[in-house]
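Engineer: This is the structure I have questions about; it appears just below.
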2 protein chains.
Amino acid sequence: MFENQIRNKLVEKGMKVTPQRMAILEAIEILNNHPTAENIIEFIRKNHPNISTATVYKVLEALVENNLVKKVKTDRDVMRYEAISDHHHHLYCAESDRIEDYFDSELNEIIGNYFKKRNIPNFRIEEVKLQIIGKFLNDETSINQQIHLPDNK
Amino acid sequence: MFENQIRNKLVEKGMKVTPQRMAILEAIEILNNHPTAENIIEFIRKNHPNISTATVYKVLEALVENNLVKKVKTDRDVMRYEAISDHHHHLYCAESDRIEDYFDSELNEIIGNYFKKRNIPNFRIEEVKLQIIGKFLNDETSINQQIHLPDNK
DNA sequence: TATTAAATAATAATTATTCTTATTTAGTAA
DNA sequence: TTACTAAATAAGAATAATTATTATTTAATA
Ligand SMILES: [Mn+2]
Ligand SMILES: [Mn+2]
Ligand SMILES: [Zn+2]
Ligand SMILES: [Zn+2]
């Protein structure tokens, strides 16, 4: 059951399970399009009308600290968040501030192999992420899609 | 002469040349480590003590609009800026918030070729940038270095 | 069930950035 | 050169996002 998966994520990290944390983590996963704190608040107030703004920010920090959530920054002055998931990259259009996930294991392999042979002096790589900047050609109604490329070699 | 190069960049874009714009663009180029608006103001006020904060933000917007400067985003809630230069990627450590440029034409070619054959549905790519996330192994004093990899195939 | 450290709510404060408006200036052309 | 005008700047107020403070509540544990 979905609720229990979320509870387990908190428990696995040794975090106290609170209704606020459950609601926020669930909101990020359901919204699934790099929501802002404000988006999250709006969403969870439907079921949880008394949650405090400051709590949402505090919980988000805690989730980020514990690697359950990542910050995603755009050209604008608002932080956005996403649930941790499989390694992926981002398609981003500065004009619309729209972000879509881009999964591509063939690309990951190419890049992984490249940096295996190519050493960067004085730097230990932990993760390589692409920002693929450009324009979406479809309209904004199809938000929340994820691009998963098939492995068509 | 350096000052004239900067003037020319403004002129080429059809922008009015003002002491404020000259100073800000020069500051970004000299500082050369993805400074914040605040960093720029601090630097500029040495020679230009009366520049207004709002002017710095307005000028930065104008420079970004005219493709003389780019915004650089990190995990923190402050925008950073860099002068336009050859296409490059970023080494980034979230802990220290340090960013270094990473130039690698072999890598650019691999990625360019990859996306030539690999079409992304409903998206027109304008630019592909890597965020290489990890840890710097040297201390913070060696800030402002740029990593240029030799083409040692 | 009682204890306690940690989390939350409410609200004030701070920070980064943007807006407003009066004044100044860069570029242009008489 | 000088005058003109649109655009840029300075100063300060305003806003928006985020963080800090502190009293109250609660989840986990014994
Ligand atoms: Mn802001
Ligand atoms: Mn902010
Ligand atoms: Zn994502
Ligand atoms: Zn850079």
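FYI, nothing fancy with the structure tokens labels: chains A, B, ... in order, residues from 1 per chain, ligands from 1 as they appear.
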Output chain A as a PDB file with C-alpha atoms, in the first residue's frame, after least-squares fitting it to chain B on all in-order C-alpha pairs.
Structural biologist:
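Output file selection.pdb follows:
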```
ATOM      1  CA  MET A   1      42.583  46.833 -24.512  1.00  0.00           C
ATOM      2  CA  PHE A   2      40.366  44.961 -22.082  1.00  0.00           C
ATOM      3  CA  GLU A   3      38.057  47.895 -21.448  1.00  0.00           C
ATOM      4  CA  ASN A   4      37.373  48.221 -25.144  1.00  0.00           C
ATOM      5  CA  GLN A   5      36.570  44.546 -25.564  1.00  0.00           C
ATOM      6  CA  ILE A   6      33.900  44.953 -22.933  1.00  0.00           C
ATOM      7  CA  ARG A   7      32.548  48.101 -24.533  1.00  0.00           C
ATOM      8  CA  ASN A   8      32.353  46.276 -27.854  1.00  0.00           C
ATOM      9  CA  LYS A   9      30.344  43.442 -26.412  1.00  0.00           C
ATOM     10  CA  LEU A  10      27.711  45.913 -25.294  1.00  0.00           C
ATOM     11  CA  VAL A  11      27.786  47.785 -28.602  1.00  0.00           C
ATOM     12  CA  GLU A  12      27.479  44.566 -30.616  1.00  0.00           C
ATOM     13  CA  LYS A  13      24.286  43.758 -28.757  1.00  0.00           C
ATOM     14  CA  GLY A  14      22.956  47.246 -29.364  1.00  0.00           C
ATOM     15  CA  MET A  15      23.033  48.067 -25.670  1.00  0.00           C
ATOM     16  CA  LYS A  16      23.768  51.533 -24.373  1.00  0.00           C
ATOM     17  CA  VAL A  17      27.244  51.685 -22.898  1.00  0.00           C
ATOM     18  CA  THR A  18      27.138  52.920 -19.319  1.00  0.00           C
ATOM     19  CA  PRO A  19      29.829  52.908 -16.634  1.00  0.00           C
ATOM     20  CA  GLN A  20      27.618  50.609 -14.551  1.00  0.00           C
ATOM     21  CA  ARG A  21      27.269  48.052 -17.324  1.00  0.00           C
ATOM     22  CA  MET A  22      30.956  48.183 -18.092  1.00  0.00           C
ATOM     23  CA  ALA A  23      31.875  47.699 -14.448  1.00  0.00           C
ATOM     24  CA  ILE A  24      29.487  44.798 -13.921  1.00  0.00           C
ATOM     25  CA  LEU A  25      30.458  42.896 -17.024  1.00  0.00           C
ATOM     26  CA  GLU A  26      34.112  43.460 -16.247  1.00  0.00           C
ATOM     27  CA  ALA A  27      33.603  42.291 -12.669  1.00  0.00           C
ATOM     28  CA  ILE A  28      32.013  39.037 -13.780  1.00  0.00           C
ATOM     29  CA  GLU A  29      34.858  38.359 -16.173  1.00  0.00           C
ATOM     30  CA  ILE A  30      37.582  39.236 -13.687  1.00  0.00           C
ATOM     31  CA  LEU A  31      36.057  37.435 -10.717  1.00  0.00           C
ATOM     32  CA  ASN A  32      35.530  34.465 -12.998  1.00  0.00           C
ATOM     33  CA  ASN A  33      34.030  32.200 -10.405  1.00  0.00           C
ATOM     34  CA  HIS A  34      30.288  32.449 -10.789  1.00  0.00           C
ATOM     35  CA  PRO A  35      29.829  35.412  -8.447  1.00  0.00           C
ATOM     36  CA  THR A  36      26.579  36.413  -6.800  1.00  0.00           C
ATOM     37  CA  ALA A  37      25.100  39.875  -7.216  1.00  0.00           C
ATOM     38  CA  GLU A  38      26.502  40.624  -3.776  1.00  0.00           C
ATOM     39  CA  ASN A  39      30.010  39.519  -4.795  1.00  0.00           C
ATOM     40  CA  ILE A  40      29.793  41.770  -7.827  1.00  0.00           C
ATOM     41  CA  ILE A  41      28.608  44.744  -5.797  1.00  0.00           C
ATOM     42  CA  GLU A  42      31.392  44.308  -3.291  1.00  0.00           C
ATOM     43  CA  PHE A  43      33.959  44.129  -6.072  1.00  0.00           C
ATOM     44  CA  ILE A  44      32.810  47.116  -8.081  1.00  0.00           C
ATOM     45  CA  ARG A  45      32.206  49.437  -5.142  1.00  0.00           C
ATOM     46  CA  LYS A  46      35.963  49.745  -4.806  1.00  0.00           C
ATOM     47  CA  ASN A  47      36.107  51.862  -7.942  1.00  0.00           C
ATOM     48  CA  HIS A  48      32.478  52.759  -8.234  1.00  0.00           C
ATOM     49  CA  PRO A  49      31.250  53.423  -4.711  1.00  0.00           C
ATOM     50  CA  ASN A  50      27.846  54.855  -5.569  1.00  0.00           C
ATOM     51  CA  ILE A  51      26.364  52.092  -7.662  1.00  0.00           C
ATOM     52  CA  SER A  52      22.899  51.076  -6.531  1.00  0.00           C
ATOM     53  CA  THR A  53      21.992  47.509  -5.641  1.00  0.00           C
ATOM     54  CA  ALA A  54      18.895  47.647  -7.788  1.00  0.00           C
ATOM     55  CA  THR A  55      20.960  48.803 -10.725  1.00  0.00           C
ATOM     56  CA  VAL A  56      23.212  45.805 -10.405  1.00  0.00           C
ATOM     57  CA  TYR A  57      20.227  43.476 -10.543  1.00  0.00           C
ATOM     58  CA  LYS A  58      18.741  45.385 -13.462  1.00  0.00           C
ATOM     59  CA  VAL A  59      21.992  45.347 -15.382  1.00  0.00           C
ATOM     60  CA  LEU A  60      22.443  41.655 -14.712  1.00  0.00           C
ATOM     61  CA  GLU A  61      18.979  40.988 -16.141  1.00  0.00           C
ATOM     62  CA  ALA A  62      19.822  43.069 -19.199  1.00  0.00           C
ATOM     63  CA  LEU A  63      23.103  41.226 -19.711  1.00  0.00           C
ATOM     64  CA  VAL A  64      21.341  37.884 -19.414  1.00  0.00           C
ATOM     65  CA  GLU A  65      18.645  38.996 -21.869  1.00  0.00           C
ATOM     66  CA  ASN A  66      21.328  39.944 -24.341  1.00  0.00           C
ATOM     67  CA  ASN A  67      23.294  36.732 -23.960  1.00  0.00           C
ATOM     68  CA  LEU A  68      26.369  38.313 -22.485  1.00  0.00           C
ATOM     69  CA  VAL A  69      25.900  36.636 -19.129  1.00  0.00           C
ATOM     70  CA  LYS A  70      24.299  33.439 -17.902  1.00  0.00           C
ATOM     71  CA  LYS A  71      22.581  32.583 -14.678  1.00  0.00           C
ATOM     72  CA  VAL A  72      24.011  29.690 -12.727  1.00  0.00           C
ATOM     73  CA  LYS A  73      21.838  28.177 -10.022  1.00  0.00           C
ATOM     74  CA  THR A  74      23.066  26.052  -7.133  1.00  0.00           C
ATOM     75  CA  ASP A  75      21.441  24.345  -4.153  1.00  0.00           C
ATOM     76  CA  ARG A  76      21.364  27.660  -2.335  1.00  0.00           C
ATOM     77  CA  ASP A  77      18.893  30.511  -2.602  1.00  0.00           C
ATOM     78  CA  VAL A  78      21.226  32.937  -4.347  1.00  0.00           C
ATOM     79  CA  MET A  79      21.606  33.372  -8.050  1.00  0.00           C
ATOM     80  CA  ARG A  80      25.081  33.295  -9.497  1.00  0.00           C
ATOM     81  CA  TYR A  81      26.329  34.610 -12.820  1.00  0.00           C
ATOM     82  CA  GLU A  82      29.012  33.913 -15.374  1.00  0.00           C
ATOM     83  CA  ALA A  83      30.216  35.595 -18.535  1.00  0.00           C
ATOM     84  CA  ILE A  84      29.346  33.772 -21.701  1.00  0.00           C
ATOM     85  CA  SER A  85      32.357  31.786 -22.863  1.00  0.00           C
ATOM     86  CA  ASP A  86      33.119  28.648 -24.797  1.00  0.00           C
ATOM     87  CA  HIS A  87      30.765  25.798 -24.146  1.00  0.00           C
ATOM     88  CA  HIS A  88      31.649  24.163 -20.872  1.00  0.00           C
ATOM     89  CA  HIS A  89      30.260  22.162 -17.997  1.00  0.00           C
ATOM     90  CA  HIS A  90      30.326  22.615 -14.255  1.00  0.00           C
ATOM     91  CA  LEU A  91      31.955  20.786 -11.407  1.00  0.00           C
ATOM     92  CA  TYR A  92      29.869  21.420  -8.330  1.00  0.00           C
ATOM     93  CA  CYS A  93      30.142  20.531  -4.665  1.00  0.00           C
ATOM     94  CA  ALA A  94      26.912  21.121  -2.752  1.00  0.00           C
ATOM     95  CA  GLU A  95      28.686  21.196   0.585  1.00  0.00           C
ATOM     96  CA  SER A  96      31.011  24.071  -0.256  1.00  0.00           C
ATOM     97  CA  ASP A  97      28.784  25.551  -2.993  1.00  0.00           C
ATOM     98  CA  ARG A  98      31.913  25.786  -5.066  1.00  0.00           C
ATOM     99  CA  ILE A  99      31.606  25.709  -8.863  1.00  0.00           C
ATOM    100  CA  GLU A 100      34.431  25.253 -11.333  1.00  0.00           C
ATOM    101  CA  ASP A 101      34.258  25.323 -15.083  1.00  0.00           C
ATOM    102  CA  TYR A 102      35.007  22.107 -16.894  1.00  0.00           C
ATOM    103  CA  PHE A 103      36.035  22.253 -20.551  1.00  0.00           C
ATOM    104  CA  ASP A 104      36.224  18.990 -22.467  1.00  0.00           C
ATOM    105  CA  SER A 105      35.869  19.025 -26.226  1.00  0.00           C
ATOM    106  CA  GLU A 106      36.151  15.253 -26.570  1.00  0.00           C
ATOM    107  CA  LEU A 107      33.167  14.859 -24.272  1.00  0.00           C
ATOM    108  CA  ASN A 108      31.246  17.530 -26.155  1.00  0.00           C
ATOM    109  CA  GLU A 109      31.803  15.646 -29.355  1.00  0.00           C
ATOM    110  CA  ILE A 110      30.605  12.363 -27.892  1.00  0.00           C
ATOM    111  CA  ILE A 111      27.468  13.966 -26.560  1.00  0.00           C
ATOM    112  CA  GLY A 112      26.889  15.962 -29.719  1.00  0.00           C
ATOM    113  CA  ASN A 113      27.133  12.827 -31.820  1.00  0.00           C
ATOM    114  CA  TYR A 114      24.878  10.921 -29.485  1.00  0.00           C
ATOM    115  CA  PHE A 115      22.082  13.436 -29.745  1.00  0.00           C
ATOM    116  CA  LYS A 116      22.524  13.725 -33.492  1.00  0.00           C
ATOM    117  CA  LYS A 117      21.310  10.150 -33.870  1.00  0.00           C
ATOM    118  CA  ARG A 118      19.051  10.085 -30.822  1.00  0.00           C
ATOM    119  CA  ASN A 119      15.926  12.112 -31.308  1.00  0.00           C
ATOM    120  CA  ILE A 120      13.938  13.345 -28.309  1.00  0.00           C
ATOM    121  CA  PRO A 121      10.229  13.503 -29.129  1.00  0.00           C
ATOM    122  CA  ASN A 122       8.638  16.945 -28.892  1.00  0.00           C
ATOM    123  CA  PHE A 123      11.820  18.683 -27.896  1.00  0.00           C
ATOM    124  CA  ARG A 124      14.324  20.783 -29.800  1.00  0.00           C
ATOM    125  CA  ILE A 125      17.708  20.743 -28.092  1.00  0.00           C
ATOM    126  CA  GLU A 126      19.563  24.017 -27.907  1.00  0.00           C
ATOM    127  CA  GLU A 127      22.336  23.117 -25.501  1.00  0.00           C
ATOM    128  CA  VAL A 128      23.472  20.187 -23.389  1.00  0.00           C
ATOM    129  CA  LYS A 129      25.249  20.959 -20.143  1.00  0.00           C
ATOM    130  CA  LEU A 130      26.589  18.552 -17.563  1.00  0.00           C
ATOM    131  CA  GLN A 131      26.426  19.123 -13.872  1.00  0.00           C
ATOM    132  CA  ILE A 132      29.234  17.038 -12.502  1.00  0.00           C
ATOM    133  CA  ILE A 133      28.437  16.768  -8.839  1.00  0.00           C
ATOM    134  CA  GLY A 134      30.943  15.620  -6.256  1.00  0.00           C
ATOM    135  CA  LYS A 135      33.707  16.795  -3.974  1.00  0.00           C
ATOM    136  CA  PHE A 136      36.751  18.926  -4.576  1.00  0.00           C
ATOM    137  CA  LEU A 137      39.847  17.299  -3.139  1.00  0.00           C
ATOM    138  CA  ASN A 138      41.981  20.417  -2.966  1.00  0.00           C
ATOM    139  CA  ASP A 139      41.337  23.296  -0.631  1.00  0.00           C
ATOM    140  CA  GLU A 140      39.304  26.383  -1.234  1.00  0.00           C
ATOM    141  CA  THR A 141      42.329  28.607  -1.764  1.00  0.00           C
ATOM    142  CA  SER A 142      42.715  27.376  -5.301  1.00  0.00           C
ATOM    143  CA  ILE A 143      39.439  28.908  -6.273  1.00  0.00           C
ATOM    144  CA  ASN A 144      39.073  30.409  -9.737  1.00  0.00           C
ATOM    145  CA  GLN A 145      40.909  27.660 -11.478  1.00  0.00           C
ATOM    146  CA  GLN A 146      39.427  26.295 -14.640  1.00  0.00           C
ATOM    147  CA  ILE A 147      39.733  22.702 -15.628  1.00  0.00           C
ATOM    148  CA  HIS A 148      40.794  22.352 -19.262  1.00  0.00           C
ATOM    149  CA  LEU A 149      41.344  18.771 -20.218  1.00  0.00           C
ATOM    150  CA  PRO A 150      44.048  17.985 -22.772  1.00  0.00           C
ATOM    151  CA  ASP A 151      42.925  15.868 -25.698  1.00  0.00           C
ATOM    152  CA  ASN A 152      44.824  12.769 -24.667  1.00  0.00           C
ATOM    153  CA  LYS A 153      42.946  10.162 -26.604  1.00  0.00           C
TER     154      LYS A 153
END
```
Engineer: Do a neighbour search on DT25 in chain D at 10 Å with only C-alpha atoms (C1' of nucleotides), toss out local chain neighbours closer than 3 positions, and write the hits as a VMD selection string.
Structural biologist: chain C and resid 7 to 9
Engineer: I'd like a table as a Markdown table: residues in chain C with an atom no more than 12 Å from chain A, each row giving the shortest atom pair and its distance in Å to one decimal, only C-alpha atoms (C1' of nucleotides) counted, sorted by chain and rising residue number.
Structural biologist:
```
| residue | atom | partner | partner_atom | distance |
| --- | --- | --- | --- | --- |
| C:DA5 | C1' | A:Lys16 | CA | 11.1 |
| C:DA6 | C1' | A:Lys16 | CA | 8.2 |
| C:DA7 | C1' | A:Thr18 | CA | 8.1 |
| C:DT8 | C1' | A:Thr55 | CA | 6.4 |
| C:DA9 | C1' | A:Ser52 | CA | 5.9 |
| C:DA10 | C1' | A:Ser52 | CA | 7.8 |
| C:DT11 | C1' | A:Ala54 | CA | 9.9 |
| C:DA12 | C1' | A:Ala54 | CA | 11.9 |
| C:DT15 | C1' | A:Asp77 | CA | 11.9 |
| C:DA16 | C1' | A:Asp77 | CA | 8.4 |
| C:DT17 | C1' | A:Asp77 | CA | 8.1 |
| C:DT18 | C1' | A:Asp77 | CA | 11.2 |
```
Engineer: Please, which residues of range 14-153 of chain B, numbered as in this document, come out strand (DSSP E) from DSSP, as an NGL selection string?
Structural biologist: :B and (69-72 or 80-83 or 89-93 or 98-103 or 123-136 or 146-148)
Engineer: Could the residues of chain D within 12 Å of chain A, counting only C-alpha atoms (C1' of nucleotides), be given as a list in words, please?
Structural biologist: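 Interface list for chain D against chain A: DA16, DA17, DT18, DT19, DA20, DT21, DT25, DT26, DA27 and DA28 of chain D.
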Engineer: I'd like to know which residues of chain A are alpha helix (DSSP H) (by DSSP, run on the backbone); could you write them as a VMD selection string?
Structural biologist: chain A and resid 2 to 12 19 to 31 37 to 44 53 to 65 105 to 117
Engineer: In Å, how far is it from C1' of DG27 in chain C to C1' of DA3 in chain D?
Structural biologist: 12.4 Å
